[in-house]
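Engineer: Structure file input-v9.cif, mmCIF, C-alpha atoms (C1' of nucleotides), is pasted below:
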```
data_my_file
#
loop_
_atom_site.label_atom_id
_atom_site.label_comp_id
_atom_site.auth_asym_id
_atom_site.auth_seq_id
_atom_site.Cartn_x
_atom_site.Cartn_y
_atom_site.Cartn_z
CA MET A 1 49.13 19.91 3.22
CA PRO A 2 50.44 22.26 5.92
CA ALA A 3 53.73 21.63 7.63
CA HIS A 4 52.16 21.45 11.06
CA ALA A 5 49.95 18.58 9.86
CA HIS A 6 49.04 16.44 12.77
CA PRO A 7 47.42 13.06 12.25
CA PRO A 8 43.72 13.80 11.98
CA THR A 9 41.68 12.91 15.01
CA ALA A 10 38.68 10.65 14.79
CA ALA A 11 36.29 13.57 14.94
CA GLU A 12 38.13 15.26 12.11
CA ARG A 13 37.94 12.19 9.93
CA GLN A 14 34.25 11.90 10.67
CA ALA A 15 33.62 15.50 9.76
CA GLU A 16 35.63 14.91 6.63
CA ARG A 17 33.54 11.85 5.75
CA ARG A 18 30.37 13.84 6.28
CA ARG A 19 31.61 16.57 3.97
CA ARG A 20 32.57 14.03 1.33
CA ILE A 21 29.13 12.46 1.49
CA LEU A 22 27.37 15.80 1.18
CA ARG A 23 29.58 16.77 -1.72
CA ALA A 24 29.00 13.48 -3.53
CA GLY A 25 25.26 13.80 -3.03
CA THR A 26 25.33 17.35 -4.32
CA GLN A 27 27.28 16.40 -7.42
CA LEU A 28 24.95 13.54 -8.24
CA ALA A 29 21.92 15.76 -7.67
CA CYS A 30 23.35 18.44 -9.95
CA ARG A 31 23.68 15.88 -12.70
CA GLY A 32 20.37 14.07 -12.53
CA GLY A 33 18.16 15.37 -9.75
CA TYR A 34 16.38 13.37 -7.10
CA GLU A 35 16.45 10.01 -8.79
CA ALA A 36 20.13 10.27 -9.65
CA VAL A 37 21.04 10.48 -5.97
CA GLN A 38 21.32 6.75 -5.44
CA MET A 39 22.60 5.65 -2.10
CA ARG A 40 25.02 3.08 -3.53
CA GLU A 41 26.47 5.72 -5.82
CA VAL A 42 26.75 8.27 -3.05
CA ALA A 43 28.55 5.69 -0.93
CA GLU A 44 30.95 4.71 -3.67
CA SER A 45 31.53 8.25 -4.80
CA SER A 46 32.35 9.42 -1.29
CA GLN A 47 34.50 6.36 -0.58
CA VAL A 48 32.42 5.15 2.29
CA ALA A 49 30.65 1.84 2.86
CA LEU A 50 26.90 1.78 2.39
CA GLY A 51 26.38 0.97 6.06
CA THR A 52 28.48 3.96 7.04
CA LEU A 53 26.47 6.24 4.78
CA TYR A 54 23.34 5.08 6.57
CA ARG A 55 24.99 5.72 9.91
CA TYR A 56 25.58 9.34 8.94
CA PHE A 57 22.25 9.86 7.18
CA PRO A 58 19.51 7.40 8.13
CA SER A 59 17.72 7.77 4.80
CA LYS A 60 18.00 9.32 1.38
CA VAL A 61 15.58 12.03 2.45
CA HIS A 62 17.71 12.81 5.50
CA LEU A 63 20.71 13.20 3.23
CA LEU A 64 18.94 15.51 0.82
CA VAL A 65 17.45 17.62 3.59
CA ALA A 66 20.91 17.95 5.12
CA MET A 67 22.16 19.13 1.74
CA MET A 68 19.43 21.76 1.74
CA GLN A 69 20.38 22.86 5.27
CA ASP A 70 23.92 23.26 4.04
CA GLN A 71 22.90 25.39 1.08
CA LEU A 72 20.60 27.54 3.16
CA GLU A 73 23.26 28.18 5.77
CA ARG A 74 25.67 29.23 3.07
CA MET A 75 23.04 31.47 1.54
CA HIS A 76 22.13 32.98 4.89
CA GLY A 77 25.77 33.85 5.49
CA THR A 78 26.10 35.45 2.08
CA LEU A 79 22.96 37.48 2.58
CA GLN A 80 24.07 38.73 5.96
CA ARG A 81 27.24 40.07 4.38
CA LYS A 82 25.33 41.99 1.71
CA PRO A 83 21.77 42.68 2.80
CA PRO A 84 19.19 43.66 0.18
CA ALA A 85 18.65 47.33 -0.50
CA GLY A 86 14.99 48.01 -1.13
CA GLU A 87 12.24 50.39 -0.16
CA GLY A 88 10.06 48.50 2.28
CA PRO A 89 10.13 45.07 3.86
CA ALA A 90 7.99 43.62 1.06
CA GLU A 91 10.35 44.74 -1.64
CA ARG A 92 13.44 43.63 0.25
CA VAL A 93 12.00 40.17 0.92
CA THR A 94 10.85 39.81 -2.66
CA GLN A 95 14.32 40.77 -3.85
CA THR A 96 15.96 38.35 -1.49
CA LEU A 97 13.74 35.43 -2.39
CA MET A 98 14.01 36.04 -6.10
CA GLY A 99 17.77 36.24 -5.68
CA ALA A 100 17.68 32.89 -3.96
CA PHE A 101 15.49 31.66 -6.75
CA GLN A 102 18.05 32.74 -9.34
CA ALA A 103 20.74 30.94 -7.39
CA LEU A 104 18.66 27.79 -7.47
CA GLN A 105 18.03 28.20 -11.18
CA ARG A 106 21.71 27.71 -11.80
CA GLU A 107 21.44 24.15 -10.55
CA PRO A 108 17.83 23.26 -11.19
CA ARG A 109 18.33 19.54 -10.72
CA LEU A 110 19.95 20.06 -7.37
CA ALA A 111 17.08 22.29 -6.37
CA GLU A 112 14.58 19.71 -7.55
CA ALA A 113 16.23 16.97 -5.54
CA MET A 114 16.37 18.99 -2.33
CA VAL A 115 12.89 20.47 -2.53
CA ARG A 116 11.26 17.18 -3.40
CA ALA A 117 12.96 15.53 -0.46
CA LEU A 118 11.85 18.35 1.76
CA THR A 119 8.18 18.03 0.92
CA PHE A 120 8.26 14.25 0.77
CA ALA A 121 9.80 13.96 4.22
CA ASP A 122 7.69 12.16 6.78
CA ARG A 123 7.62 12.52 10.55
CA SER A 124 10.95 10.78 11.01
CA VAL A 125 12.63 13.81 9.44
CA SER A 126 10.50 16.48 11.06
CA GLN A 127 13.31 17.80 13.21
CA GLU A 128 15.58 18.39 10.24
CA VAL A 129 12.77 19.81 8.14
CA ASP A 130 11.94 22.12 11.00
CA GLN A 131 15.50 23.37 10.98
CA VAL A 132 15.16 24.19 7.28
CA THR A 133 11.93 26.03 8.03
CA ARG A 134 13.67 28.02 10.75
CA LEU A 135 16.49 28.93 8.39
CA THR A 136 14.04 30.08 5.75
CA THR A 137 12.19 32.13 8.32
CA ALA A 138 15.44 33.65 9.54
CA ILE A 139 16.37 34.65 6.01
CA ILE A 140 13.02 36.33 5.49
CA LEU A 141 13.16 38.09 8.85
CA ASP A 142 16.67 39.33 8.12
CA ALA A 143 15.52 40.65 4.77
CA MET A 144 12.63 42.47 6.42
CA GLY A 145 15.09 44.19 8.64
CA GLY A 146 12.47 45.27 11.15
CA PRO A 147 13.15 45.22 14.89
CA GLU A 148 10.80 42.73 16.52
CA PRO A 149 8.44 40.56 14.53
CA ALA A 150 4.96 40.86 15.96
CA PRO A 151 3.15 37.53 16.25
CA ALA A 152 0.77 38.58 13.48
CA GLN A 153 3.81 39.25 11.29
CA LEU A 154 5.06 35.75 11.94
CA SER A 155 2.02 34.27 10.27
CA ALA A 156 2.64 36.50 7.27
CA VAL A 157 6.23 35.33 7.18
CA ARG A 158 5.04 31.74 7.18
CA VAL A 159 2.67 32.47 4.32
CA VAL A 160 5.55 33.93 2.35
CA ALA A 161 7.66 30.85 3.07
CA HIS A 162 4.79 28.54 2.10
CA THR A 163 4.33 30.45 -1.11
CA TRP A 164 7.99 30.38 -1.93
CA HIS A 165 8.32 26.63 -1.44
CA SER A 166 5.14 25.85 -3.29
CA ALA A 167 5.88 28.15 -6.19
CA LEU A 168 9.35 26.65 -6.40
CA ILE A 169 7.89 23.18 -6.69
CA ALA A 170 5.45 24.31 -9.34
CA TRP A 171 8.31 25.84 -11.32
CA LEU A 172 10.52 22.79 -10.94
CA SER A 173 7.69 20.58 -12.17
CA GLY A 174 7.22 22.80 -15.18
CA ARG A 175 3.79 23.93 -14.06
CA ALA A 176 4.62 27.59 -13.43
CA SER A 177 6.72 30.18 -15.23
CA ILE A 178 9.38 32.26 -13.61
CA ALA A 179 7.18 35.29 -14.06
CA GLN A 180 4.41 33.55 -12.16
CA VAL A 181 6.77 32.67 -9.35
CA ARG A 182 7.84 36.29 -9.09
CA THR A 183 4.28 37.54 -9.16
CA ASP A 184 3.14 35.12 -6.49
CA VAL A 185 6.09 35.79 -4.20
CA ALA A 186 5.53 39.51 -4.56
CA THR A 187 1.84 39.08 -3.84
CA ALA A 188 2.53 37.12 -0.68
CA CYS A 189 5.10 39.69 0.40
CA ARG A 190 2.43 42.38 0.39
CA LEU A 191 1.33 40.84 3.67
CA LEU A 192 4.60 41.97 5.20
CA GLU A 193 3.94 45.69 4.77
CA PRO A 194 3.28 47.48 8.06
CA GLN A 195 -0.29 48.38 7.19
CA GLY A 196 -0.84 44.93 5.60
CA MET B 197 -28.71 -6.24 -9.79
CA PRO B 198 -31.52 -4.74 -11.87
CA ALA B 199 -33.88 -6.92 -13.91
CA HIS B 200 -32.93 -5.23 -17.14
CA ALA B 201 -29.29 -6.19 -16.56
CA HIS B 202 -27.50 -6.42 -19.84
CA PRO B 203 -24.08 -7.99 -20.03
CA PRO B 204 -21.69 -5.15 -19.23
CA THR B 205 -19.80 -3.76 -22.16
CA ALA B 206 -16.01 -3.59 -22.23
CA ALA B 207 -16.03 0.09 -21.40
CA GLU B 208 -18.28 -0.54 -18.43
CA ARG B 209 -16.03 -3.24 -17.10
CA GLN B 210 -13.05 -0.95 -17.50
CA ALA B 211 -14.78 1.86 -15.64
CA GLU B 212 -15.70 -0.64 -12.97
CA ARG B 213 -12.10 -1.80 -12.69
CA ARG B 214 -10.93 1.77 -12.35
CA ARG B 215 -13.41 2.41 -9.57
CA ARG B 216 -12.37 -0.78 -7.78
CA ILE B 217 -8.73 0.27 -7.96
CA LEU B 218 -9.44 3.75 -6.63
CA ARG B 219 -11.52 2.32 -3.82
CA ALA B 220 -8.88 -0.21 -2.86
CA GLY B 221 -6.21 2.47 -2.86
CA THR B 222 -8.37 4.70 -0.73
CA GLN B 223 -9.05 1.98 1.81
CA LEU B 224 -5.37 1.10 2.11
CA ALA B 225 -4.47 4.77 2.45
CA CYS B 226 -7.06 5.28 5.17
CA ARG B 227 -5.49 2.47 7.14
CA GLY B 228 -1.80 3.22 6.84
CA GLY B 229 -1.13 6.29 4.73
CA TYR B 230 1.30 6.61 1.86
CA GLU B 231 3.48 3.65 2.64
CA ALA B 232 0.53 1.32 3.13
CA VAL B 233 -0.61 1.87 -0.44
CA GLN B 234 1.47 -0.92 -1.92
CA MET B 235 0.88 -1.63 -5.56
CA ARG B 236 0.76 -5.40 -5.08
CA GLU B 237 -1.83 -4.98 -2.36
CA VAL B 238 -3.89 -2.54 -4.39
CA ALA B 239 -3.85 -5.01 -7.29
CA GLU B 240 -4.87 -7.96 -5.14
CA SER B 241 -7.44 -5.98 -3.22
CA SER B 242 -9.09 -4.71 -6.39
CA GLN B 243 -8.89 -8.12 -8.07
CA VAL B 244 -6.76 -6.97 -10.92
CA ALA B 245 -3.38 -8.15 -12.14
CA LEU B 246 -0.39 -6.00 -11.29
CA GLY B 247 0.23 -5.31 -14.97
CA THR B 248 -3.35 -4.13 -15.36
CA LEU B 249 -3.04 -1.81 -12.42
CA TYR B 250 -0.03 -0.24 -14.10
CA ARG B 251 -1.98 0.07 -17.33
CA TYR B 252 -4.62 2.12 -15.54
CA PHE B 253 -2.23 4.13 -13.38
CA PRO B 254 1.35 4.26 -14.63
CA SER B 255 2.79 4.77 -11.15
CA LYS B 256 1.88 4.85 -7.49
CA VAL B 257 1.97 8.63 -7.59
CA HIS B 258 -0.43 8.69 -10.53
CA LEU B 259 -2.82 6.51 -8.57
CA LEU B 260 -2.69 8.68 -5.47
CA VAL B 261 -3.09 11.89 -7.45
CA ALA B 262 -6.10 10.39 -9.19
CA MET B 263 -7.52 9.60 -5.77
CA MET B 264 -7.05 13.22 -4.81
CA GLN B 265 -8.77 14.39 -8.01
CA ASP B 266 -11.67 12.14 -7.11
CA GLN B 267 -11.94 13.58 -3.60
CA LEU B 268 -11.68 17.15 -4.81
CA GLU B 269 -14.38 16.66 -7.41
CA ARG B 270 -16.66 15.22 -4.78
CA MET B 271 -15.87 18.13 -2.47
CA HIS B 272 -16.42 20.68 -5.22
CA GLY B 273 -19.84 19.20 -5.92
CA THR B 274 -20.78 19.29 -2.26
CA LEU B 275 -19.67 22.88 -1.91
CA GLN B 276 -21.60 24.00 -4.95
CA ARG B 277 -24.76 22.61 -3.40
CA LYS B 278 -24.23 24.51 -0.15
CA PRO B 279 -22.00 27.52 -0.66
CA PRO B 280 -20.39 29.17 2.37
CA ALA B 281 -22.21 32.03 4.03
CA GLY B 282 -19.72 34.66 5.18
CA GLU B 283 -19.15 38.38 5.12
CA GLY B 284 -16.51 38.95 2.51
CA PRO B 285 -14.54 36.81 0.09
CA ALA B 286 -11.73 36.32 2.61
CA GLU B 287 -14.02 34.99 5.27
CA ARG B 288 -15.89 32.74 2.87
CA VAL B 289 -12.69 31.24 1.47
CA THR B 290 -11.25 30.76 4.94
CA GLN B 291 -14.44 29.01 5.98
CA THR B 292 -14.43 26.80 2.93
CA LEU B 293 -10.79 25.80 3.27
CA MET B 294 -11.07 25.13 6.97
CA GLY B 295 -14.13 23.04 6.25
CA ALA B 296 -12.13 21.07 3.73
CA PHE B 297 -9.42 20.79 6.32
CA GLN B 298 -11.84 19.33 8.84
CA ALA B 299 -13.00 16.84 6.23
CA LEU B 300 -9.42 15.77 5.68
CA GLN B 301 -8.86 15.49 9.42
CA ARG B 302 -11.38 12.67 9.54
CA GLU B 303 -9.08 10.55 7.41
CA PRO B 304 -5.67 11.96 8.17
CA ARG B 305 -3.78 9.01 6.72
CA LEU B 306 -5.63 9.26 3.46
CA ALA B 307 -4.89 12.97 3.37
CA GLU B 308 -1.23 12.31 4.10
CA ALA B 309 -0.97 9.79 1.28
CA MET B 310 -2.61 12.03 -1.29
CA VAL B 311 -0.83 15.23 -0.37
CA ARG B 312 2.58 13.60 -0.21
CA ALA B 313 2.04 12.08 -3.63
CA LEU B 314 0.95 15.46 -4.94
CA THR B 315 4.08 17.27 -3.84
CA PHE B 316 6.39 14.39 -4.68
CA ALA B 317 5.07 14.12 -8.22
CA ASP B 318 7.60 14.78 -10.94
CA ARG B 319 7.11 16.08 -14.48
CA SER B 320 5.56 12.83 -15.69
CA VAL B 321 2.52 13.62 -13.56
CA SER B 322 2.38 17.34 -14.23
CA GLN B 323 -0.83 17.12 -16.24
CA GLU B 324 -2.69 15.36 -13.45
CA VAL B 325 -1.23 17.63 -10.79
CA ASP B 326 -2.28 20.61 -12.86
CA GLN B 327 -5.82 19.30 -12.87
CA VAL B 328 -5.73 19.15 -9.07
CA THR B 329 -4.45 22.71 -9.01
CA ARG B 330 -7.27 23.82 -11.27
CA LEU B 331 -9.82 22.11 -9.06
CA THR B 332 -8.41 23.79 -5.98
CA THR B 333 -8.48 27.13 -7.74
CA ALA B 334 -12.05 26.56 -8.84
CA ILE B 335 -13.09 25.77 -5.28
CA ILE B 336 -11.49 28.96 -4.00
CA LEU B 337 -13.00 31.07 -6.79
CA ASP B 338 -16.43 29.61 -6.12
CA ALA B 339 -16.08 30.42 -2.44
CA MET B 340 -15.11 33.99 -3.27
CA GLY B 341 -18.30 34.31 -5.20
CA GLY B 342 -17.17 37.40 -7.09
CA PRO B 343 -18.01 37.91 -10.76
CA GLU B 344 -14.76 38.02 -12.71
CA PRO B 345 -11.39 37.31 -11.16
CA ALA B 346 -9.01 40.08 -12.10
CA PRO B 347 -5.54 38.80 -13.06
CA ALA B 348 -4.11 40.32 -9.90
CA GLN B 349 -6.68 38.38 -7.92
CA LEU B 350 -5.54 35.17 -9.58
CA SER B 351 -2.11 35.54 -8.08
CA ALA B 352 -3.71 36.02 -4.67
CA VAL B 353 -5.77 32.90 -5.23
CA ARG B 354 -2.62 30.98 -6.06
CA VAL B 355 -0.96 32.25 -2.90
CA VAL B 356 -3.93 31.02 -0.90
CA ALA B 357 -3.72 27.63 -2.59
CA HIS B 358 0.04 27.46 -1.98
CA THR B 359 -0.48 28.31 1.64
CA TRP B 360 -3.22 25.76 2.05
CA HIS B 361 -1.18 22.92 0.58
CA SER B 362 1.94 23.85 2.44
CA ALA B 363 0.20 24.32 5.77
CA LEU B 364 -1.54 21.01 5.26
CA ILE B 365 1.79 19.26 4.78
CA ALA B 366 3.21 20.94 7.85
CA TRP B 367 0.23 19.77 9.87
CA LEU B 368 0.38 16.23 8.49
CA SER B 369 4.07 16.07 9.37
CA GLY B 370 3.35 17.20 12.90
CA ARG B 371 5.19 20.46 12.42
CA ALA B 372 2.19 22.81 12.70
CA SER B 373 -0.86 22.93 14.90
CA ILE B 374 -4.39 23.24 13.66
CA ALA B 375 -4.51 26.73 15.08
CA GLN B 376 -1.46 27.66 13.08
CA VAL B 377 -3.01 26.28 9.90
CA ARG B 378 -6.13 28.35 10.50
CA THR B 379 -4.11 31.48 11.23
CA ASP B 380 -1.98 31.10 8.14
CA VAL B 381 -4.89 30.35 5.84
CA ALA B 382 -6.76 33.35 7.20
CA THR B 383 -3.67 35.52 6.76
CA ALA B 384 -3.29 34.47 3.13
CA CYS B 385 -6.99 35.04 2.54
CA ARG B 386 -6.58 38.70 3.50
CA LEU B 387 -5.06 39.11 0.04
CA LEU B 388 -8.44 38.31 -1.45
CA GLU B 389 -10.20 41.34 0.01
CA PRO B 390 -11.10 43.94 -2.63
CA GLN B 391 -8.79 46.58 -1.19
CA GLY B 392 -6.09 43.94 -0.53
"C1'" DA C 393 -16.82 -17.12 -38.79
"C1'" DT C 394 -12.17 -15.67 -38.59
"C1'" DC C 395 -8.31 -13.02 -38.11
"C1'" DA C 396 -5.67 -9.11 -36.07
"C1'" DA C 397 -5.25 -6.04 -32.36
"C1'" DG C 398 -5.79 -4.93 -28.00
"C1'" DT C 399 -6.48 -6.34 -23.05
"C1'" DC C 400 -6.04 -9.11 -18.87
"C1'" DT C 401 -3.62 -12.47 -16.04
"C1'" DG C 402 0.00 -14.72 -13.37
"C1'" DA C 403 4.50 -14.82 -12.46
"C1'" DA C 404 9.20 -13.78 -12.77
"C1'" DA C 405 12.73 -10.38 -13.12
"C1'" DC C 406 14.86 -6.01 -12.30
"C1'" DT C 407 15.90 -1.62 -9.62
"C1'" DT C 408 16.93 0.93 -5.76
"C1'" DG C 409 16.18 2.10 -0.84
"C1'" DT C 410 17.09 -0.14 3.44
"C1'" DT C 411 18.66 -3.65 6.78
"C1'" DC C 412 21.64 -7.16 8.46
"C1'" DT C 413 25.92 -9.87 9.34
"C1'" DA C 414 30.68 -11.01 10.06
"C1'" DG C 415 34.94 -9.53 10.34
"C1'" DA C 416 38.64 -5.74 10.39
"C1'" DT C 417 40.03 -1.40 12.35
"C1'" DT C 418 40.23 2.12 15.64
"C1'" DA C 419 39.61 4.83 20.01
"C1'" DG C 420 39.52 5.41 24.67
"C1'" DC C 421 40.93 3.69 29.07
"C1'" DG C 422 42.76 1.15 33.03
"C1'" DC D 423 50.28 -2.64 26.80
"C1'" DG D 424 45.73 -4.96 26.46
"C1'" DC D 425 40.85 -4.84 26.75
"C1'" DT D 426 36.29 -3.26 25.47
"C1'" DA D 427 33.21 -0.62 22.87
"C1'" DA D 428 32.43 1.82 18.91
"C1'" DT D 429 33.15 2.41 14.03
"C1'" DC D 430 34.02 1.04 9.36
"C1'" DT D 431 33.92 -2.22 5.42
"C1'" DA D 432 32.29 -5.56 2.09
"C1'" DG D 433 28.69 -7.84 0.74
"C1'" DA D 434 24.49 -10.46 1.11
"C1'" DA D 435 19.73 -10.12 1.91
"C1'" DC D 436 15.21 -7.99 2.01
"C1'" DA D 437 11.24 -4.77 0.49
"C1'" DA D 438 8.46 -2.45 -2.61
"C1'" DG D 439 7.99 0.07 -7.10
"C1'" DT D 440 8.29 -1.05 -11.82
"C1'" DT D 441 8.98 -3.80 -16.09
"C1'" DT D 442 8.62 -7.69 -18.88
"C1'" DC D 443 6.80 -11.90 -20.89
"C1'" DA D 444 4.06 -15.73 -22.40
"C1'" DG D 445 -0.30 -17.15 -22.80
"C1'" DA D 446 -5.53 -16.70 -22.44
"C1'" DC D 447 -9.41 -13.98 -23.50
"C1'" DT D 448 -12.19 -10.02 -25.98
"C1'" DT D 449 -13.38 -7.23 -29.39
"C1'" DG D 450 -14.11 -5.34 -33.79
"C1'" DA D 451 -13.58 -5.45 -38.66
"C1'" DT D 452 -13.73 -7.97 -42.74
#
```
Once more with this new file: its structure as structure tokens, please.
Structural biologist:
Amino acid sequence: MPAHAHPPTAAERQAERRRRILRAGTQLACRGGYEAVQMREVAESSQVALGTLYRYFPSKVHLLVAMMQDQLERMHGTLQRKPPAGEGPAERVTQTLMGAFQALQREPRLAEAMVRALTFADRSVSQEVDQVTRLTTAIILDAMGGPEPAPAQLSAVRVVAHTWHSALIAWLSGRASIAQVRTDVATACRLLEPQG
Amino acid sequence: MPAHAHPPTAAERQAERRRRILRAGTQLACRGGYEAVQMREVAESSQVALGTLYRYFPSKVHLLVAMMQDQLERMHGTLQRKPPAGEGPAERVTQTLMGAFQALQREPRLAEAMVRALTFADRSVSQEVDQVTRLTTAIILDAMGGPEPAPAQLSAVRVVAHTWHSALIAWLSGRASIAQVRTDVATACRLLEPQG
DNA sequence: ATCAAGTCTGAAACTTGTTCTAGATTAGCG
DNA sequence: CGCTAATCTAGAACAAGTTTCAGACTTGAT
């Protein structure tokens, strides 16, 4: 601990608690996926009372969606530092998404937990889910690299995002192969080409 | 009851029970969506013991996915009797899917319940979910009307299905407008055009 | 007809997400 | 400092999905 350590303020301790909770949730998810993220365990593991956990995240789905936000923000930062090098927008986006896919493959149970929460979320989580959608869109737009996205392009971007999420779920449920995911993502990305 | 009524066989009574359960689940879902389909209520409402309900459908998700299968089969039959009249494959598929969408709009809570179950389903339901996927694919292929689907076309069909499901969820969660759903479905359907 | 196997029922028990309560601790403020 | 409001904790309580169990009823084969 640094020499200039000052007693942490309330806000700092709260931020620290939030981080601990997210980390505990992530660890549990890595081990056993969605069902292994049990609120009592998260609370105990992050050294926080159950009531406090529910003050920070009003439901299990809120927690898991927040975890996904976290991951996406990290990923977005990484991608901005080293943008994809590809021929056209379609290839760059395909590369980016398949890179993200590989990252998720390293912790498939974590991915399963987050994605299932995301699609299971009801209206009470729509704001947070929307934020995830915006992040995904931002990542795709960054990968495209174009100047302004025409409104028609935006629909194509949404189709790509839809496809990515859906293909991810199909893979996580064992209903689609990695090759199929790649094929489908690439197919959807064809819509991003200028003449498309 | 008909004059030639014979005492129903065991198999008939079982089929009857299954129908009663599906109907009860559907009614509850129409009223209050996913959360209103409570297994105890379904059991009581279909005059079946809770244990029996679980013998027929090993989980709530299984039940809801079976309800969706039922709906899709009905829809497929209807569509085969009056196929869509449109210019190209893209337009016909768009028409068909937006027609299905309008049908779902009439019972939005039922749609919400079924679709949420579908995307929340884990590996233990993958067989049933796969059947739903196949039905969706069959509906799209029928609407296209073409002779043989080239393997490249199959990926496009999957992208359309992905987009439809995903857009449906976004609409049900209040995160997308009907216009946006139509736009996105139409965009994805562009991949079905011969030159696409 | 009778026995074994499978099925249905009613009810209790168990699990896990969520809510509630009472008291302790802390933060901000006059 | 001393007060008030907010926060945190421990734990009980509640809700709904799921499992289990004992007993009654069918069914099918011998």
Engineer: So that I can see what lies close to stretch 316-325 of chain B, please list as a ChimeraX atom specification the residues with an atom at most 9 Å from it, counting only C-alpha atoms (C1' of nucleotides) and leaving out residues fewer than 5 positions away in the same chain.
Structural biologist: /A:116-117,119-120,172-175 /B:257-258,261-262,265,311,330
Engineer: Atom C1' of C:DT408 and atom CA of B:Ala366, how far apart in Å?
Structural biologist: 27.8 Å
Engineer: Mind checking which residues fall within 12 Å of stretch 442-444 of chain D, counting only C-alpha atoms (C1' of nucleotides), ignoring those fewer than 6 positions away in the same chain, and posting them as a list in words?
Structural biologist: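 Surrounding residues, per the criterion: Leu246 and Gly247 of chain B; DT401, DG402, DA403, DA404, DA405 and DC406 of chain C.
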Engineer: Counting all atoms listed in the file, which residues of chain B come no farther than 10 Å from chain C, as a PyMOL selection string?
Structural biologist: chain B and resi 206+244-248+251
Engineer: Name all residues at most 10 Å from stretch 218-220 of chain B (count only C-alpha atoms (C1' of nucleotides); drop same-chain ones fewer than 6 positions away) and give them as a ChimeraX atom specification.
Structural biologist: /B:212,226,233,237-243,253,259-260,262-264,266
Engineer: As a check of understanding, name the residues that the PyMOL selection byres ((chain B) within 9 of (chain D)) selects in the supplied structure, as an NGL selection string.
Structural biologist: :B and (206 or 234-236 or 247 or 250 or 255-256)
Engineer: Output the residue selection produced by the PyMOL selection byres ((chain A and resi 180-195) around 6) on the file above, formatted as an NGL selection string.
Structural biologist: (:A and (90 or 94 or 156 or 160 or 167 or 177-179 or 196)) or (:B and (351))
Engineer: Running the PyMOL selection byres ((chain A and resi 84) around 7) on this model by hand, what would come out? Give it as a count of residues only.
Structural biologist: 8
Engineer: Work out how far apart atom CA of A:Gln27 and atom CA of A:Leu118 are and give it in Å to one decimal.
Structural biologist: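 According to the coordinates, atom CA of A:Gln27 and atom CA of A:Leu118 are separated by 18.1 Å.
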Engineer: Tell me, in Å to one decimal, how far atom CA of B:Arg302 is from atom CA of B:Ile335.
Structural biologist: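 One can read the atom CA of B:Arg302 to atom CA of B:Ile335 distance as 19.9 Å.
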Engineer: Save N, CA, C and O atoms (P, O5', C5', C4', C3', O3' and C1' of nucleotides) of stretch 438-446 of chain D from the block above as a CSV table (one decimal), in the first residue's frame.
Structural biologist:
```csv
chain,number,residue,atom,x,y,z
D,438,DA,P,-44.7,-16.7,-6.7
D,438,DA,O5',-43.9,-17.8,-7.5
D,438,DA,C5',-42.7,-17.3,-8.2
D,438,DA,C4',-41.9,-18.5,-8.6
D,438,DA,C3',-42.6,-19.6,-9.2
D,438,DA,O3',-41.9,-20.1,-10.3
D,438,DA,C1',-41.4,-20.4,-7.4
D,439,DG,P,-42.4,-21.1,-11.4
D,439,DG,O5',-41.1,-22.1,-11.5
D,439,DG,C5',-39.9,-21.6,-11.8
D,439,DG,C4',-38.8,-22.6,-11.6
D,439,DG,C3',-39.0,-24.0,-12.2
D,439,DG,O3',-37.8,-24.5,-12.7
D,439,DG,C1',-38.9,-24.2,-9.8
D,440,DT,P,-37.8,-25.8,-13.5
D,440,DT,O5',-37.6,-26.9,-12.3
D,440,DT,C5',-36.3,-26.9,-11.6
D,440,DT,C4',-36.3,-27.9,-10.5
D,440,DT,C3',-36.7,-29.3,-11.0
D,440,DT,O3',-35.5,-30.1,-10.9
D,440,DT,C1',-37.7,-28.8,-8.9
D,441,DT,P,-35.6,-31.7,-11.2
D,441,DT,O5',-35.8,-32.3,-9.8
D,441,DT,C5',-35.0,-31.9,-8.7
D,441,DT,C4',-35.3,-32.7,-7.4
D,441,DT,C3',-35.5,-34.2,-7.7
D,441,DT,O3',-34.7,-34.9,-6.8
D,441,DT,C1',-37.3,-33.3,-6.5
D,442,DT,P,-34.6,-36.5,-6.8
D,442,DT,O5',-35.6,-36.9,-5.6
D,442,DT,C5',-35.6,-36.1,-4.4
D,442,DT,C4',-36.6,-36.6,-3.5
D,442,DT,C3',-36.9,-38.1,-3.6
D,442,DT,O3',-36.9,-38.7,-2.3
D,442,DT,C1',-38.9,-36.9,-3.7
D,443,DC,P,-36.7,-40.3,-2.1
D,443,DC,O5',-38.1,-40.6,-1.4
D,443,DC,C5',-38.8,-39.5,-0.7
D,443,DC,C4',-40.1,-40.0,-0.2
D,443,DC,C3',-40.4,-41.5,-0.4
D,443,DC,O3',-41.1,-42.0,0.6
D,443,DC,C1',-42.0,-40.2,-1.6
D,444,DA,P,-41.1,-43.7,0.9
D,444,DA,O5',-42.6,-43.9,1.4
D,444,DA,C5',-43.3,-42.8,2.1
D,444,DA,C4',-44.7,-42.9,1.8
D,444,DA,C3',-45.2,-44.4,1.7
D,444,DA,O3',-46.5,-44.5,2.3
D,444,DA,C1',-45.7,-43.2,-0.3
D,445,DG,P,-47.1,-46.0,2.5
D,445,DG,O5',-48.4,-45.9,1.5
D,445,DG,C5',-49.3,-44.8,1.7
D,445,DG,C4',-50.1,-44.6,0.4
D,445,DG,C3',-50.8,-45.9,-0.1
D,445,DG,O3',-52.2,-45.6,-0.3
D,445,DG,C1',-49.7,-44.9,-1.8
D,446,DA,P,-53.3,-46.8,-0.5
D,446,DA,O5',-53.9,-46.4,-1.9
D,446,DA,C5',-54.5,-45.2,-2.1
D,446,DA,C4',-54.8,-45.0,-3.6
D,446,DA,C3',-55.5,-46.1,-4.2
D,446,DA,O3',-56.6,-45.6,-5.1
D,446,DA,C1',-53.5,-45.8,-5.4
```
